[in-house]
Each structure stands twice: as C-alpha cells, then as structure tokens.
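*Asks:* Contents of protein-v4.cif (mmCIF, C-alpha atoms):
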```
data_start
loop_
_atom_site.group_PDB
_atom_site.id
_atom_site.type_symbol
_atom_site.label_atom_id
_atom_site.label_comp_id
_atom_site.auth_asym_id
_atom_site.auth_seq_id
_atom_site.Cartn_x
_atom_site.Cartn_y
_atom_site.Cartn_z
ATOM 1 C CA MET A 23 4.145 113.428 70.291
ATOM 2 C CA ASN A 24 5.304 116.997 70.874
ATOM 3 C CA PRO A 25 7.775 116.847 73.808
ATOM 4 C CA ALA A 26 6.295 120.015 75.262
ATOM 5 C CA GLN A 27 2.818 118.439 75.444
ATOM 6 C CA THR A 28 3.518 114.750 76.073
ATOM 7 C CA VAL A 29 4.447 113.161 79.397
ATOM 8 C CA VAL A 30 6.150 109.785 79.068
ATOM 9 C CA GLY A 31 6.153 107.172 81.802
ATOM 10 C CA LEU A 32 8.546 104.242 81.901
ATOM 11 C CA VAL A 33 8.047 101.179 84.091
ATOM 12 C CA GLY A 34 11.335 99.278 84.353
ATOM 13 C CA THR A 35 14.737 100.960 84.408
ATOM 14 C CA GLY A 36 17.062 97.999 83.989
ATOM 15 C CA VAL A 37 19.725 97.439 81.339
ATOM 16 C CA MET A 38 17.407 98.521 78.520
ATOM 17 C CA GLY A 39 14.886 100.812 80.202
ATOM 18 C CA LYS A 40 17.502 103.087 81.721
ATOM 19 C CA SER A 41 18.957 104.030 78.337
ATOM 20 C CA MET A 42 15.523 104.413 76.764
ATOM 21 C CA ALA A 43 14.406 106.803 79.492
ATOM 22 C CA GLY A 44 17.584 108.806 79.046
ATOM 23 C CA HIS A 45 16.922 109.269 75.325
ATOM 24 C CA PHE A 46 13.385 110.494 75.972
ATOM 25 C CA MET A 47 14.705 113.008 78.497
ATOM 26 C CA GLN A 48 17.370 114.222 76.071
ATOM 27 C CA ALA A 49 14.632 114.722 73.475
ATOM 28 C CA GLY A 50 12.831 117.082 75.852
ATOM 29 C CA TYR A 51 10.066 114.862 77.204
ATOM 30 C CA GLN A 52 9.022 115.016 80.832
ATOM 31 C CA VAL A 53 9.676 111.479 82.040
ATOM 32 C CA HIS A 54 8.144 109.658 85.007
ATOM 33 C CA LEU A 55 9.657 106.415 86.320
ATOM 34 C CA TYR A 56 8.725 103.392 88.358
ATOM 35 C CA ASN A 57 10.990 100.465 89.143
ATOM 36 C CA ARG A 58 10.709 97.845 91.873
ATOM 37 C CA THR A 59 14.181 98.839 93.048
ATOM 38 C CA LYS A 60 14.276 102.635 93.251
ATOM 39 C CA SER A 61 18.070 102.775 93.429
ATOM 40 C CA LYS A 62 18.256 101.537 89.833
ATOM 41 C CA ALA A 63 16.404 104.676 88.758
ATOM 42 C CA GLN A 64 18.324 107.083 90.975
ATOM 43 C CA GLU A 65 20.718 108.317 88.273
ATOM 44 C CA LEU A 66 17.770 109.260 86.057
ATOM 45 C CA ILE A 67 15.985 110.893 88.998
ATOM 46 C CA ASP A 68 19.109 112.961 89.671
ATOM 47 C CA GLN A 69 18.962 114.072 86.034
ATOM 48 C CA GLY A 70 15.388 115.311 86.386
ATOM 49 C CA ALA A 71 13.080 112.315 85.946
ATOM 50 C CA HIS A 72 10.029 112.154 88.215
ATOM 51 C CA TRP A 73 9.681 109.140 90.525
ATOM 52 C CA GLN A 74 6.311 107.457 91.078
ATOM 53 C CA GLU A 75 5.511 104.934 93.803
ATOM 54 C CA SER A 76 3.586 102.447 91.654
ATOM 55 C CA PRO A 77 2.673 101.673 88.037
ATOM 56 C CA GLY A 78 -0.822 102.970 88.797
ATOM 57 C CA THR A 79 0.270 106.387 90.031
ATOM 58 C CA LEU A 80 2.664 106.638 87.109
ATOM 59 C CA ALA A 81 -0.168 105.900 84.680
ATOM 60 C CA GLN A 82 -2.331 108.612 86.254
ATOM 61 C CA ASN A 83 0.332 111.219 85.467
ATOM 62 C CA CYS A 84 1.385 110.230 81.944
ATOM 63 C CA ASP A 85 0.091 110.367 78.384
ATOM 64 C CA VAL A 86 2.245 107.488 77.147
ATOM 65 C CA ILE A 87 3.193 104.584 79.408
ATOM 66 C CA ILE A 88 6.001 102.270 78.306
ATOM 67 C CA THR A 89 6.889 99.049 80.084
ATOM 68 C CA MET A 90 10.195 97.185 79.949
ATOM 69 C CA VAL A 91 10.041 94.537 82.661
ATOM 70 C CA GLY A 92 11.230 90.961 83.042
ATOM 71 C CA PHE A 93 8.691 88.193 82.634
ATOM 72 C CA PRO A 94 5.122 87.754 81.338
ATOM 73 C CA SER A 95 3.934 87.462 84.944
ATOM 74 C CA ASP A 96 5.441 90.912 85.593
ATOM 75 C CA VAL A 97 3.725 92.305 82.504
ATOM 76 C CA GLU A 98 0.369 90.901 83.585
ATOM 77 C CA GLU A 99 0.681 92.338 87.079
ATOM 78 C CA VAL A 100 1.846 95.746 85.861
ATOM 79 C CA TYR A 101 -1.011 96.081 83.368
ATOM 80 C CA LEU A 102 -3.917 94.139 84.835
ATOM 81 C CA GLY A 103 -3.307 94.319 88.598
ATOM 82 C CA GLU A 104 -5.521 96.449 90.844
ATOM 83 C CA ASN A 105 -2.823 99.099 91.135
ATOM 84 C CA GLY A 106 -1.734 98.557 87.567
ATOM 85 C CA ILE A 107 -1.657 100.650 84.442
ATOM 86 C CA LEU A 108 -4.995 99.850 82.813
ATOM 87 C CA HIS A 109 -7.054 100.507 85.944
ATOM 88 C CA ASN A 110 -5.439 103.910 86.426
ATOM 89 C CA ALA A 111 -4.498 105.380 83.051
ATOM 90 C CA LYS A 112 -6.436 108.356 81.749
ATOM 91 C CA PRO A 113 -8.787 107.631 78.811
ATOM 92 C CA GLY A 114 -6.977 108.348 75.566
ATOM 93 C CA SER A 115 -3.592 107.356 76.954
ATOM 94 C CA TYR A 116 -1.198 105.104 75.042
ATOM 95 C CA VAL A 117 0.280 101.982 76.633
ATOM 96 C CA ILE A 118 3.231 100.240 75.003
ATOM 97 C CA ASP A 119 4.726 97.005 76.276
ATOM 98 C CA MET A 120 8.302 96.672 75.037
ATOM 99 C CA THR A 121 9.053 93.609 77.165
ATOM 100 C CA THR A 122 9.574 90.362 75.280
ATOM 101 C CA SER A 123 6.435 88.579 76.383
ATOM 102 C CA SER A 124 3.632 86.254 75.322
ATOM 103 C CA PRO A 125 1.723 87.034 72.102
ATOM 104 C CA LYS A 126 -1.481 85.874 73.796
ATOM 105 C CA LEU A 127 -0.896 88.236 76.701
ATOM 106 C CA ALA A 128 -0.335 91.107 74.255
ATOM 107 C CA GLN A 129 -3.731 90.390 72.723
ATOM 108 C CA LYS A 130 -5.337 90.221 76.182
ATOM 109 C CA ILE A 131 -3.856 93.597 77.148
ATOM 110 C CA GLU A 132 -4.970 95.197 73.885
ATOM 111 C CA ASP A 133 -8.538 93.950 74.398
ATOM 112 C CA ALA A 134 -8.618 95.198 78.003
ATOM 113 C CA ALA A 135 -7.126 98.559 77.011
ATOM 114 C CA ARG A 136 -9.697 99.105 74.287
ATOM 115 C CA THR A 137 -12.603 98.616 76.721
ATOM 116 C CA ARG A 138 -11.128 101.405 78.880
ATOM 117 C CA GLY A 139 -10.618 103.865 76.047
ATOM 118 C CA LEU A 140 -6.853 103.274 75.883
ATOM 119 C CA TYR A 141 -4.579 102.527 72.943
ATOM 120 C CA ALA A 142 -2.185 99.582 73.266
ATOM 121 C CA LEU A 143 0.799 98.320 71.302
ATOM 122 C CA ASP A 144 3.173 95.417 71.810
ATOM 123 C CA ALA A 145 6.591 96.593 70.696
ATOM 124 C CA PRO A 146 9.447 94.319 71.807
ATOM 125 C CA VAL A 147 12.956 95.323 70.837
ATOM 126 C CA SER A 148 16.246 93.814 69.747
ATOM 127 C CA GLY A 149 19.735 95.258 69.907
ATOM 128 C CA GLY A 150 20.786 94.623 73.483
ATOM 129 C CA ASP A 151 22.506 97.070 75.765
ATOM 130 C CA VAL A 152 24.562 98.562 72.935
ATOM 131 C CA GLY A 153 21.503 99.226 70.770
ATOM 132 C CA ALA A 154 19.687 100.791 73.716
ATOM 133 C CA LYS A 155 22.606 103.055 74.618
ATOM 134 C CA GLU A 156 23.089 104.196 71.019
ATOM 135 C CA ALA A 157 19.340 104.543 70.251
ATOM 136 C CA ARG A 158 19.667 101.958 67.483
ATOM 137 C CA LEU A 159 17.121 99.406 68.643
ATOM 138 C CA SER A 160 15.071 97.308 66.247
ATOM 139 C CA ILE A 161 11.418 97.692 67.269
ATOM 140 C CA MET A 162 8.775 95.161 66.197
ATOM 141 C CA VAL A 163 5.265 96.518 66.613
ATOM 142 C CA GLY A 164 1.860 94.895 66.886
ATOM 143 C CA GLY A 165 -1.495 96.612 67.293
ATOM 144 C CA SER A 166 -3.450 99.216 65.344
ATOM 145 C CA ARG A 167 -1.527 100.723 62.435
ATOM 146 C CA GLU A 168 -3.040 104.121 63.226
ATOM 147 C CA VAL A 169 -1.741 103.926 66.799
ATOM 148 C CA PHE A 170 1.645 102.794 65.468
ATOM 149 C CA GLU A 171 1.834 105.836 63.203
ATOM 150 C CA THR A 172 0.996 108.106 66.141
ATOM 151 C CA MET A 173 3.734 106.570 68.290
ATOM 152 C CA LEU A 174 6.377 106.465 65.531
ATOM 153 C CA PRO A 175 8.048 109.780 66.501
ATOM 154 C CA LEU A 176 8.540 108.409 70.015
ATOM 155 C CA PHE A 177 9.940 105.110 68.751
ATOM 156 C CA GLN A 178 12.389 107.065 66.594
ATOM 157 C CA LYS A 179 14.003 108.484 69.739
ATOM 158 C CA ILE A 180 15.209 105.013 70.734
ATOM 159 C CA GLY A 181 15.375 102.958 67.543
ATOM 160 C CA THR A 182 16.338 102.985 63.887
ATOM 161 C CA ASN A 183 14.696 99.851 62.460
ATOM 162 C CA ILE A 184 11.023 100.274 63.347
ATOM 163 C CA VAL A 185 8.591 97.962 61.572
ATOM 164 C CA TYR A 186 4.831 97.550 61.915
ATOM 165 C CA GLN A 187 4.125 93.813 61.884
ATOM 166 C CA GLY A 188 0.339 93.538 62.203
ATOM 167 C CA GLU A 189 -2.419 93.309 64.785
ATOM 168 C CA ALA A 190 -1.957 92.829 68.535
ATOM 169 C CA GLY A 191 0.529 90.077 69.302
ATOM 170 C CA ALA A 192 2.333 90.391 65.968
ATOM 171 C CA GLY A 193 5.208 92.298 67.548
ATOM 172 C CA GLN A 194 5.726 89.523 70.089
ATOM 173 C CA HIS A 195 5.528 86.802 67.436
ATOM 174 C CA THR A 196 8.184 88.672 65.442
ATOM 175 C CA LYS A 197 10.408 88.892 68.516
ATOM 176 C CA MET A 198 10.069 85.125 68.905
ATOM 177 C CA CYS A 199 11.420 84.762 65.346
ATOM 178 C CA ASN A 200 14.322 86.998 66.376
ATOM 179 C CA GLN A 201 15.102 84.947 69.487
ATOM 180 C CA ILE A 202 14.864 81.660 67.597
ATOM 181 C CA ALA A 203 17.447 82.889 65.088
ATOM 182 C CA ILE A 204 19.733 84.200 67.844
ATOM 183 C CA ALA A 205 19.597 80.972 69.864
ATOM 184 C CA SER A 206 20.964 78.685 67.158
ATOM 185 C CA ASN A 207 23.373 81.355 65.928
ATOM 186 C CA MET A 208 24.799 81.750 69.430
ATOM 187 C CA MET A 209 25.543 78.043 69.570
ATOM 188 C CA GLY A 210 27.435 78.376 66.291
ATOM 189 C CA VAL A 211 29.423 81.397 67.454
ATOM 190 C CA VAL A 212 30.416 79.681 70.694
ATOM 191 C CA GLU A 213 31.403 76.434 68.987
ATOM 192 C CA ALA A 214 33.453 78.308 66.378
ATOM 193 C CA LEU A 215 35.493 80.016 69.114
ATOM 194 C CA VAL A 216 35.988 76.786 71.042
ATOM 195 C CA TYR A 217 37.150 75.067 67.844
ATOM 196 C CA ALA A 218 39.533 77.920 67.032
ATOM 197 C CA GLU A 219 41.150 77.678 70.462
ATOM 198 C CA LYS A 220 41.394 73.884 70.426
ATOM 199 C CA SER A 221 43.113 74.003 67.030
ATOM 200 C CA GLY A 222 45.726 76.460 68.284
ATOM 201 C CA LEU A 223 44.461 79.480 66.380
ATOM 202 C CA ASP A 224 44.204 83.015 67.730
ATOM 203 C CA PRO A 225 40.420 83.556 68.048
ATOM 204 C CA THR A 226 40.733 87.299 67.490
ATOM 205 C CA THR A 227 42.578 86.715 64.219
ATOM 206 C CA VAL A 228 39.999 84.116 63.204
ATOM 207 C CA LEU A 229 37.259 86.700 63.710
ATOM 208 C CA LYS A 230 38.966 89.006 61.204
ATOM 209 C CA SER A 231 38.489 86.352 58.545
ATOM 210 C CA ILE A 232 35.014 85.059 59.275
ATOM 211 C CA GLU A 233 32.924 87.946 60.600
ATOM 212 C CA SER A 234 32.654 89.734 57.247
ATOM 213 C CA GLY A 235 31.800 86.627 55.219
ATOM 214 C CA ALA A 236 28.854 84.264 55.081
ATOM 215 C CA ALA A 237 29.309 83.391 58.771
ATOM 216 C CA GLY A 238 28.894 87.005 59.820
ATOM 217 C CA SER A 239 26.263 87.966 62.400
ATOM 218 C CA TRP A 240 25.618 90.559 65.091
ATOM 219 C CA SER A 241 26.513 88.035 67.784
ATOM 220 C CA LEU A 242 29.766 87.114 66.066
ATOM 221 C CA SER A 243 30.876 90.743 65.703
ATOM 222 C CA ASN A 244 29.624 92.099 69.048
ATOM 223 C CA LEU A 245 29.643 89.197 71.488
ATOM 224 C CA ALA A 246 32.514 86.991 70.336
ATOM 225 C CA PRO A 247 35.070 89.682 71.357
ATOM 226 C CA ARG A 248 33.473 89.744 74.821
ATOM 227 C CA MET A 249 33.770 85.955 75.032
ATOM 228 C CA ILE A 250 37.439 86.117 74.088
ATOM 229 C CA ALA A 251 38.040 88.819 76.706
ATOM 230 C CA GLY A 252 36.217 86.843 79.394
ATOM 231 C CA ASN A 253 33.667 89.630 79.817
ATOM 232 C CA PHE A 254 30.296 88.039 80.503
ATOM 233 C CA ALA A 255 28.473 91.078 81.894
ATOM 234 C CA PRO A 256 24.856 91.099 80.717
ATOM 235 C CA GLY A 257 23.720 92.960 77.670
ATOM 236 C CA PHE A 258 20.810 90.534 77.915
ATOM 237 C CA TYR A 259 20.389 88.146 80.830
ATOM 238 C CA VAL A 260 20.575 84.366 80.491
ATOM 239 C CA LYS A 261 17.453 84.065 82.662
ATOM 240 C CA HIS A 262 15.494 86.332 80.338
ATOM 241 C CA PHE A 263 16.690 84.471 77.252
ATOM 242 C CA ILE A 264 15.482 81.186 78.762
ATOM 243 C CA LYS A 265 12.126 82.877 79.375
ATOM 244 C CA ASP A 266 11.966 83.925 75.724
ATOM 245 C CA MET A 267 12.819 80.443 74.477
ATOM 246 C CA LYS A 268 10.090 78.939 76.650
ATOM 247 C CA ILE A 269 7.543 81.373 75.181
ATOM 248 C CA ALA A 270 8.680 80.571 71.637
ATOM 249 C CA LEU A 271 8.544 76.810 72.192
ATOM 250 C CA GLN A 272 5.100 77.053 73.775
ATOM 251 C CA SER A 273 3.802 79.196 70.913
ATOM 252 C CA ALA A 274 5.362 76.809 68.381
ATOM 253 C CA GLU A 275 3.695 73.841 70.040
ATOM 254 C CA GLU A 276 0.332 75.599 69.838
ATOM 255 C CA MET A 277 0.938 76.068 66.085
ATOM 256 C CA ASN A 278 2.190 72.481 65.653
ATOM 257 C CA ALA A 279 5.673 73.684 64.640
ATOM 258 C CA LYS A 280 8.839 71.761 65.575
ATOM 259 C CA LEU A 281 11.945 73.771 66.560
ATOM 260 C CA PRO A 282 14.705 71.256 67.413
ATOM 261 C CA GLY A 283 17.518 73.829 67.336
ATOM 262 C CA LEU A 284 15.708 76.056 69.805
ATOM 263 C CA ALA A 285 14.971 73.106 72.092
ATOM 264 C CA LEU A 286 18.684 72.228 72.146
ATOM 265 C CA ALA A 287 19.690 75.827 72.850
ATOM 266 C CA LYS A 288 17.191 76.041 75.712
ATOM 267 C CA SER A 289 18.585 72.870 77.308
ATOM 268 C CA LEU A 290 22.136 74.236 77.133
ATOM 269 C CA TYR A 291 21.126 77.585 78.610
ATOM 270 C CA GLU A 292 19.264 75.843 81.416
ATOM 271 C CA GLN A 293 22.484 73.968 82.247
ATOM 272 C CA LEU A 294 24.334 77.287 82.213
ATOM 273 C CA ALA A 295 21.793 78.897 84.559
ATOM 274 C CA ALA A 296 21.856 75.894 86.894
ATOM 275 C CA GLY A 297 25.612 76.402 87.170
ATOM 276 C CA GLY A 298 25.130 79.937 88.522
ATOM 277 C CA ASP A 299 25.117 82.065 85.373
ATOM 278 C CA GLU A 300 21.462 83.060 85.147
ATOM 279 C CA ASP A 301 22.428 86.720 85.649
ATOM 280 C CA SER A 302 25.288 86.616 83.136
ATOM 281 C CA GLY A 303 24.969 87.751 79.533
ATOM 282 C CA THR A 304 23.717 85.306 76.920
ATOM 283 C CA HIS A 305 27.226 84.988 75.483
ATOM 284 C CA ALA A 306 28.239 83.210 78.712
ATOM 285 C CA LEU A 307 27.155 80.041 76.893
ATOM 286 C CA TYR A 308 30.803 79.988 75.848
ATOM 287 C CA LYS A 309 31.739 79.084 79.433
ATOM 288 C CA LEU A 310 29.584 75.965 79.342
ATOM 289 C CA VAL A 311 30.523 74.732 75.863
ATOM 290 C CA SER A 312 34.256 75.274 76.416
ATOM 291 C CA LYS A 313 34.069 72.823 79.336
ATOM 292 C CA LEU A 314 32.024 70.094 77.657
#
```
Could you render the structure as structure tokens?
*Replies:*
Amino acid sequence: MNPAQTVVGLVGTGVMGKSMAGHFMQAGYQVHLYNRTKSKAQELIDQGAHWQESPGTLAQNCDVIITMVGFPSDVEEVYLGENGILHNAKPGSYVIDMTTSSPKLAQKIEDAARTRGLYALDAPVSGGDVGAKEARLSIMVGGSREVFETMLPLFQKIGTNIVYQGEAGAGQHTKMCNQIAIASNMMGVVEALVYAEKSGLDPTTVLKSIESGAAGSWSLSNLAPRMIAGNFAPGFYVKHFIKDMKIALQSAEEMNAKLPGLALAKSLYEQLAAGGDEDSGTHALYKLVSKL
C-alpha cells in the first residue's frame, strides 16, 4: 500500500466518503472519485483528486476501489452492473465496500470478485461524521484475513479501531450489531433529555452528571448536546438508519432471532421520516419523542 505505487478510487463522496478521500490524499495517494452528483466532489477535485465519469472507468484506473454509497441496491448496481466495478477492474485489484449493506450481498460480491481475479472485503464503519473527519472510524472487516492484512495500512489512514471479524459478510453482520445497540440507546438518550426538560432540570447540567457514569455512551456525549442546541444536521441520515434497521431485522428473522427493541426504534424512525425528517441526523428522534 505504498502511496507512490497505489492508486485509490472512491465511489461516493457524501458525509463520510468526502472525509475519507481527503485523508487518503493527505497521505500521498493518488485518488480518483466518482459520485452521482459531481458537485459534491468538487472540493476534492479542486484539491487534486481525479474525476471519473462512472464506477467502471474509475475501476479501470485504480488499484484499490472503495465504495461508500447509500443503499444495498446502490451497492449491487455499482459492483455488479454492466458499467460497474467488477466488470471493469483490473485483475489483482482490491475492492472494498464500506457501505452498511446486506451480509448476503457482501458474500455475493466476494464470490463474483474471486471469479474475476479480484480481492473483496466488506468493511462497514462506525463513528459518524466526526469519526470520519478525525480519521477515528471503527472499521469492521469481513473477507480473507490475508487480504485484510494487505489493506490494513490503508484502513489506518481513516480509522483507529480496525478489527477483522471473519469471512465475507462478517463485517456487515458486525455492523448490524452496532446499529442494533445504537437504536435502543438512542431511544434512551432522547427520553432522558425529554424527562430532564419536563422535570424542570437544565439538560446540559444533567449531562455533566450522567455521561461519565453507567449511562454513558457515544450518543449521549456527542449527540445529546446537538439535540439540546436544536442542531439536527446529519452526521448520519435518518433514511440510512432506517435502511440499516430493515437489514438487521431481515437478517434476524432469517436466523430466527427476535429484536423487539429494534422493531420499536424502526417504527419511531419511520414516523420521524414520514414527518419530513428523513434527511436529518439520527438524533432528530428527539423532535418526535418530545412531541408525543
């Protein structure tokens, strides 16, 4: 993964992908970009990134292709479509999907990549916009351990907690565990703030007491202050969180596992999205619960 000899391509330059691409550029890698909306990549292009007109042309010009898109349908199109990555990547290239997507789809992509002489990993991340900006993402990786070890220096440019979880799909299953924990925790954080306000307490002062104790969590420390300030800009979109919860519930059903807390969280977030907040941050759940 020598920056002087490795060309990195990134498909998807949204909230997360933009920061990731920036870190690779700062580390000295030549970076190629594709995004459905070119204007979202313009700042990186102005800084020296190379624009490509499709995922396929990007794949033809890169040694490592990383994807950070929205939904499993986007992942499938980007990888398996006629002008997609797998049909156009050079043999020996590495393809890494960092989207939160379906474990089954990750396995399908890995199988298809192997038949074309490519190396695939599923490597979803956690840490939100702050983690991406500060290169402190948690990265959960599925696929070949040997391929993981090869890609580790690249992962270290964008993350700090990088763990190999197992064969293809294991990274996505681990991300589902992450989202399940976040969903119920977010309900608790929101309800705690609503309770504090209804009881006449200063929510900011309450946070000083509870965030360092047993109730402490990343969401409580990082998102509760945004809720209090009325700042619901997305670090992670409501619409994408609903997508993740649907994947987790579907996977759980296939394994005959019951997740009542996740089902409740999904129903609340669907109400929030129906009210016009699908493009808000996940902490906008506060807006719904405070009005119940």
*Asks:* Of the candidates A:Glu300, A:His195, A:Gln293, A:Asn244, which one gets nearest to A:Gly150 if we count only C-alpha atoms?
*Replies:* A:Asn244
*Asks:* Atom CA of A:Thr172 and atom CA of A:Asp151, how far apart in Å?
*Replies:*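 Value for the atom CA of A:Asp151-atom CA of A:Thr172 distance: 26.0 Å.
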*Asks:* So which one's closest to A:Trp240, A:His305, A:Arg167, A:Arg58, A:Lys197? Using all atoms listed in the file, please.
*Replies:*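 Checking each candidate against A:Trp240, we get A:His305 as the closest.
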*Asks:* Could you give me, as a ChimeraX atom specification, the residues within 12 Å of stretch 41-43 of chain A, counting all atoms listed in the file and dropping anything in the same chain fewer than 2 positions from it?
*Replies:* /A:29-39,45-56,62-63,65-67,69-72,87-90,120,147,150-159,176-181
*Asks:* Can you give me, as a list in words, the residues this file yields under the PyMOL selection byres ((chain A and resi 189) around 6)?
*Replies:*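 This file gives the following for the PyMOL selection byres ((chain A and resi 189) around 6): Gly164, Gly165, Gly188, Ala190 and Ala192 of chain A.
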*Asks:* Which residue is closest to A:Glu219? Choose from A:Asn200, A:Ser312, A:Asn105, A:Asn83 and count only C-alpha atoms.
*Replies:*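 Of A:Asn200, A:Ser312, A:Asn105, A:Asn83, the one nearest A:Glu219 is A:Ser312, counting only C-alpha atoms.
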*Asks:* List every protein, DNA or RNA residue with an atom no more than 12 Å from (34.9, 89.7, 75.0) in the file's coordinates, counting all atoms listed in the file, and format the result as a list in words.
*Replies:* Val212, Leu215, Pro225, Thr226, Leu229, Ser241, Leu242, Ser243, Asn244, Leu245, Ala246, Pro247, Arg248, Met249, Ile250, Ala251, Gly252, Asn253, Phe254, Ala255, Pro256, Gly257, Gly303, His305, Ala306, Tyr308 and Lys309 of chain A
*Asks:* Print the selection's residues with C-alpha atoms to a file, as a tab-separated table (two decimals), keeping the file's coordinate frame.
*Replies:*
```tsv
chain	number	residue	atom	x	y	z
A	212	VAL	CA	30.42	79.68	70.69
A	215	LEU	CA	35.49	80.02	69.11
A	225	PRO	CA	40.42	83.56	68.05
A	226	THR	CA	40.73	87.30	67.49
A	229	LEU	CA	37.26	86.70	63.71
A	241	SER	CA	26.51	88.04	67.78
A	242	LEU	CA	29.77	87.11	66.07
A	243	SER	CA	30.88	90.74	65.70
A	244	ASN	CA	29.62	92.10	69.05
A	245	LEU	CA	29.64	89.20	71.49
A	246	ALA	CA	32.51	86.99	70.34
A	247	PRO	CA	35.07	89.68	71.36
A	248	ARG	CA	33.47	89.74	74.82
A	249	MET	CA	33.77	85.96	75.03
A	250	ILE	CA	37.44	86.12	74.09
A	251	ALA	CA	38.04	88.82	76.71
A	252	GLY	CA	36.22	86.84	79.39
A	253	ASN	CA	33.67	89.63	79.82
A	254	PHE	CA	30.30	88.04	80.50
A	255	ALA	CA	28.47	91.08	81.89
A	256	PRO	CA	24.86	91.10	80.72
A	257	GLY	CA	23.72	92.96	77.67
A	303	GLY	CA	24.97	87.75	79.53
A	305	HIS	CA	27.23	84.99	75.48
A	306	ALA	CA	28.24	83.21	78.71
A	308	TYR	CA	30.80	79.99	75.85
A	309	LYS	CA	31.74	79.08	79.43
```
*Asks:* Select, from A:Ala203, A:Ser124, A:Arg138, A:Gly222, the residue with the minimum atom-to-atom distance to A:Ile107, counting all atoms listed in the file.
*Replies:*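 Selected residue with least distance to A:Ile107: A:Arg138.
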*Asks:* Identify, on the basis of all atoms listed in the file, every residue whose closest approach to A:Val86 does not exceed 6 Å; exclude the query and any residue fewer than 6 positions from it along the same chain; express the result as a list of chain:residue names.
*Replies:*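 Surrounding residues, per the criterion: A:Val30, A:Ser115, A:Tyr116, A:Val117.
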*Asks:* For A:Phe93, work out the shell of residues within 9 Å, counting all atoms listed in the file and skipping chain neighbours fewer than 3 positions away, then give it as a ChimeraX atom specification.
*Replies:* /A:96-98,121-123,262,265-266
*Asks:* Output C-alpha atoms of each residue in that selection to a file, as a PDB file, in the coordinates of the input.
*Replies:*
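Below you can see result.pdb, which holds the result:
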```pdb
ATOM      1  CA  ASP A  96       5.441  90.912  85.593  1.00  0.00           C
ATOM      2  CA  VAL A  97       3.725  92.305  82.504  1.00  0.00           C
ATOM      3  CA  GLU A  98       0.369  90.901  83.585  1.00  0.00           C
ATOM      4  CA  THR A 121       9.053  93.609  77.165  1.00  0.00           C
ATOM      5  CA  THR A 122       9.574  90.362  75.280  1.00  0.00           C
ATOM      6  CA  SER A 123       6.435  88.579  76.383  1.00  0.00           C
ATOM      7  CA  HIS A 262      15.494  86.332  80.338  1.00  0.00           C
ATOM      8  CA  LYS A 265      12.126  82.877  79.375  1.00  0.00           C
ATOM      9  CA  ASP A 266      11.966  83.925  75.724  1.00  0.00           C
TER      10      ASP A 266
END
```
*Asks:* Can you tell me how far atom CA of A:Val228 sits from atom CA of A:Glu213, in Å to one decimal?
*Replies:*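 Atom CA of A:Glu213 lies 12.9 Å from atom CA of A:Val228.
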*Asks:* Mind pulling up the distance from atom CA of A:Ile269 to atom CA of A:Ala214?
*Replies:* 27.5 Å
*Asks:* I'd like the residues picked by the PyMOL selection byres ((chain A and resi 270) around 12) written out as an NGL selection string, using the chain letters and numbers from the file.
*Replies:* :A and (122-126 or 194-203 or 205 or 263-269 or 271-285 or 288)
*Asks:* When the PyMOL selection byres ((chain A and resi 114) around 12) is applied to the structure above, which residues does it catch, written out as a PyMOL selection string?
*Replies:* chain A and resi 81-82+84-87+108+110-113+115-117+135-142+169
*Asks:* Using all atoms listed in the file, which of the listed residues (A:Ala145, A:Val311, A:Leu80, A:Val260) sits closest to A:Glu292?
*Replies:*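 Smallest separation from A:Glu292 among the options: A:Val260.
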*Asks:* When you count all atoms listed in the file, which of these residues is closest to A:Thr79: A:Pro94, A:Tyr259, A:Ala295, A:Gly106?
*Replies:* A:Gly106
*Asks:* If we count all atoms listed in the file and set the cut-off at 8 Å, which residues sit around stretch 100-103 of chain A, ignoring sequence neighbours fewer than 5 positions away in its own chain? Please answer as a PDB file with C-alpha atoms, in the frame of the given file.
*Replies:*
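Output (around00.pdb):
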```pdb
ATOM      1  CA  PRO A  77       2.673 101.673  88.037  1.00  0.00           C
ATOM      2  CA  LEU A 108      -4.995  99.850  82.813  1.00  0.00           C
ATOM      3  CA  HIS A 109      -7.054 100.507  85.944  1.00  0.00           C
ATOM      4  CA  ILE A 131      -3.856  93.597  77.148  1.00  0.00           C
TER       5      ILE A 131
END
```
